[in-house]
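The structure appears right after this line, and notes come after that.
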Amino acid sequence: MPATLVGLLVALVAVMMGAQTHHVSPVFLVSNVTALLIVVGGAFGATMASFELSATTGVFKAIMKAVLGKDTPIDSGETIKTLVEFARKARGEGLLALESEMANLDDPFMKRGLQLAIDGSDPDSVAQVMRTDIKAMKVRHKVSLDWCQSYGIFAPTFGIIGAVVGLVATLGELDKPEKLGAGIAGAFVATFLGVFLANGVMLPLANRMKRLSAQEVQAREMVMEGVLAIQGGQNPRVIEETLMSYLSPGDAEALRTASS
Amino acid sequence: MPATLVGLLVALVAVMMGAQTHHVSPVFLVSNVTALLIVVGGAFGATMASFELSATTGVFKAIMKAVLGKDTPIDSGETIKTLVEFARKARGEGLLALESEMANLDDPFMKRGLQLAIDGSDPDSVAQVMRTDIKAMKVRHKVSLDWCQSYGIFAPTFGIIGAVVGLVATLGELDKPEKLGAGIAGAFVATFLGVFLANGVMLPLANRMKRLSAQEVQAREMVMEGVLAIQGGQNPRVIEETLMSYLSPGDAEALRTASS
Amino acid sequence: MPATLVGLLVALVAVMMGAQTHHVSPVFLVSNVTALLIVVGGAFGATMASFELSATTGVFKAIMKAVLGKDTPIDSGETIKTLVEFARKARGEGLLALESEMANLDDPFMKRGLQLAIDGSDPDSVAQVMRTDIKAMKVRHKVSLDWCQSYGIFAPTFGIIGAVVGLVATLGELDKPEKLGAGIAGAFVATFLGVFLANGVMLPLANRMKRLSAQEVQAREMVMEGVLAIQGGQNPRVIEETLMSYLSPGDAEALRTASS
Amino acid sequence: MPATLVGLLVALVAVMMGAQTHHVSPVFLVSNVTALLIVVGGAFGATMASFELSATTGVFKAIMKAVLGKDTPIDSGETIKTLVEFARKARGEGLLALESEMANLDDPFMKRGLQLAIDGSDPDSVAQVMRTDIKAMKVRHKVSLDWCQSYGIFAPTFGIIGAVVGLVATLGELDKPEKLGAGIAGAFVATFLGVFLANGVMLPLANRMKRLSAQEVQAREMVMEGVLAIQGGQNPRVIEETLMSYLSPGDAEALRTASS
Amino acid sequence: MPATLVGLLVALVAVMMGAQTHHVSPVFLVSNVTALLIVVGGAFGATMASFELSATTGVFKAIMKAVLGKDTPIDSGETIKTLVEFARKARGEGLLALESEMANLDDPFMKRGLQLAIDGSDPDSVAQVMRTDIKAMKVRHKVSLDWCQSYGIFAPTFGIIGAVVGLVATLGELDKPEKLGAGIAGAFVATFLGVFLANGVMLPLANRMKRLSAQEVQAREMVMEGVLAIQGGQNPRVIEETLMSYLSPGDAEALRTASS
């Protein structure tokens, strides 16, 4: 079960159980119409206004990937094995010999780089295409990440707005003590919602997306380094050494054991 | 309808409807003279003082563009098609053959770069002119963006100032309970105005301007890369590959399908 | 009238008029001895301690320049015209022909660079001297800017200190209700002073100094680019194109029209 | 005894003794179930959700290393002596002569670099492998560091959530004054726990991990510089001078005295 | 008298005098045992835990230097004169002629660089040794600076902890009004101490150390530039021009007048 989903549930359950121990109903904390409108609606509007429409329509998919996607989606060891094998073949039989491998290659990024190399593009062009590709992927990832982070920054401020509105409401009711509670409750619940939506949902999601993006970037940088080394005809042994530097000492050890 | 306009309206309506559900009149929240003077006026003065005059007079135009402009103003696919076509022509008939295309070219940035190339400037000069142009555009964009962000940072602090003034006012009226409400209301409304002006208006605008600027910068970097590749006589196929790296995988796929 | 002076006055008048509408006397807000000592004195001491003495003695001059100086002190169009004219002369009659222009040249930075070029220094040396000069100017500007920013960061925290002292004072007077007001007023006024000194005075000044510094840096970078291009014997037309990239499209258009 | 363990104990004892002097029982501060659930559980969930699972399972080991590990784990003087000795041997008898030293070498990073050099890899490859290795180590360190920092950032916000829940609880008990205390106590204890967990535990740990990582990175950069200099056949005297630049003047003096 | 010492005293006296004008005894503000334990002890523990032991034992020396050291410890004009003189001698009589000057040279950094140049190290090695030396000095300076900054960041948060403990104390005394004051006083004094220790002491010290470090770094960069130019046999006149770019226009003018 992926860590993000578990973590979000842990935070939610911990807070709601904590409230329960104080005889504060979880339903009460999430069913105040004023607070929901101001905090959820206000923060959504402010975030939506911060981006082009496609960022808002596309963020749901990115959230699903962060919450439900594989916990560690990339197997760098497997990638290294493939690249070293290709390096051996290319060194033995020439770059063109890799042509036959292209059909079975799943990774579109590696495929694109190798295809350019096989087609005879000069190394600088291959590097430039691959580098631009990585940079553009980073930029794309950053949109969803920034969306969640913006929501996480706006939510507590709309919580303050909801609290102020709640307190203003009590001012008009000072002579009706029996109605006073509603205003104060609205104020508290808005604060609660704003802080929880930010720190219990949106900021963890943004953090997670940042990690996922960094991992994908690093994985592609490793592939790029491998493809350029293959094109440069480097020694497969040196390529393996270089690529293994990307692994943790434990993973590298495991790979070494497996490959020998 | 552009996302920024919709988003700003969503935030406004959500907050005002939320207030209404608590019997707090939206009119009340925006008609306190003390709060308006201190928050709107104070934050405007502080922001104006932070910039040269032209930044303050020019920000209205930039806000209009962010609110009412096209949601995604740049069609990179179209630009790539144009550049690849020019690359084919230049490779086949020489750079000078592009002279005839210049008249019909809308994009002044691409035109300027290509014209310099056609006129025989050396590649380093063309790159330098184009790079300086992009850098200067970024600096110009940043002025309006920073203006809105400054207003968004100053507004809540003037909200605090308004709240303090409101509370001081209540001190002098402790013996006149019937007037006490006005001071407290002023304090709350100033807080509300400061936080809402920042998070419901100015910071989303600043965010949006940052995104628009980044998109324009990226679009021009793509054009620059294309122009320099054309001048360098690179293979149109490689140019296309490189430029397509700027697109999302979906857009790239669509373009590939369309162009084949 | 410069924008900074106007802006600071707008903020001051807006806040004071706002207070007046609530029957809070502006005099009251700025004449509490406790608050003045703690906030103005404390923040001054903390800021002074953050810098060498010359930063504190020199900041007054920098503030005057930011408040009373020209709103846009640099005319880049004029500078471009001068540089292009020099480029034509140097290309036609040789670098030494510029010697006669040196006497009438106002800009000490341009003069220094050109003089080095005329004296036959190699381009790398000229670039290094000019680059070091720009960097050192930036560092000098940053001192006053940082001073104002430090004051702006310290002021609200000493406002909190003043508020706490004011509240402690009320604790000792709980049995003398008639004296209670003074403590609370001190607490409120200290908060007011701290937030206003920061956001209505010092932070706008720091922002403005940052803008002025950035403009001067950009202007000198343009001059440096021009001088190096003249020394390199580049085509005056290309030099003009490059330098015009620093202007906004509107200013560039105006200059083109004027020069043709 | 390592500084981190002592420091954490000092902070804990100081706070608990301070509470005791006010007749606030330390047990009371850490035994409120509501506060513990919301703050400890909520912040843990939010942090867990921010990372892949291995970050959460691996952070315990990193915390143990930061708390119980050697205070200054790296002896750079010893490393310099080894590298200079190797440099002398390599200069005198050739790089291959170092082969016999490899078996006794403890430092796996130095070993890996030297082995590559001995095996005849070109200097650029050796540099690349070593640089990638350092970068990857930095990335690995950053995961645990970021985990503790995230917890330290989330904890006070869940403290606010706990405080709000506690205050909401009091609203329902306004007519039962004898139960009112529990709600307020929960509010205070949640605030206490959130701020203390962050500033008395997690943020100091994150700071310490950052220092440890920086020291390890610097130590490896020194080793890399030494290995590349040995491979380049540089003068051992110059290598020593360069490497000693990494030491503080005092340590360098001590080493000079010891080695002469 | 150095600005840092004066500034710290100004802040202290202003705050204490301000308190006095409100009949709040300065002794009262600094003699609450609870507050002292929690704020001073807690922040010290948290800071100590953030660093290796030597950072905590060495910070006292760095604080003394920042408080009592010379206000502007570096005379760049004198350094420039020395370097230009050496440049003349080296150009006239060869680098070896500088050997005789080494004995009288006070600056160990300049001495080290020149000695390497005299000994015939290649320019890249000299540059590398000097650059590593500057970088390592920066890293050493940063430790004390970060220590003070950490203390300044932790202190107000332990002030909050002290305030919460003080308020919890009042909860248990609600039925003993005569003891109620002590709890509230503890809460206020802890807040006061935390904010003052940070903003009136530790953050100004950290700021000052940052300035001192930047000045020392700049001074050494100037020396490095001079030494490399001397080794490169550059024209003494150009060296003087380059080095003078580091001075303010006023200081440069003064030096020019003095040297002509």
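Identifiers in the structure tokens: chain A, B, ... in order shown; residue index from 1 per chain; ligand index from 1 in order shown.
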
Using only C-alpha atoms, determine which residues of chain E fall within 8 Å of chain D; present them as a count of residues only. 44

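Residues within 12 Å of Ser100 (chain A), counting only C-alpha atoms and excluding same-chain residues fewer than 2 positions away, are Phe86, Lys89, Ala90, Glu93, Leu95, Leu96, Ala97, Leu98, Met102, Ala103, Asn104, Leu105, Lys111, Leu114, Gln115 and Ile118 of chain A.
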
Check region 86-197 of chain D with DSSP on the backbone and list each residue it calls alpha helix (DSSP H), as number ranges by chain. D: 86-93, 108-118, 123-171, 177-196

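The interatomic distance for the pair CA of Leu116 (chain E) and CA of Asp75 (chain D) works out to 26.0 Å.
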
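Compared by their closest atoms to His141 (chain D), and using only C-alpha atoms, the residues D:Pro108, D:Arg91, D:Glu216, D:Asp124 rank with D:Glu216 nearest.
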
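Reported to one decimal place, the separation of CA of Gly69 (chain A) from CA of Arg131 (chain A) is 25.7 Å.
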
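Every protein, DNA or RNA residue with an atom at most 8 Å from Gly113 (chain B), where only C-alpha atoms count and chain neighbours fewer than 4 positions away do not, is listed here: Phe109, Ala117, Val126, Val129, Met130, Met224 and Val227 of chain B.
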
So what do you get for CA of Val59 (chain E) versus CA of Ala55 (chain C), distance-wise? 24.7 Å
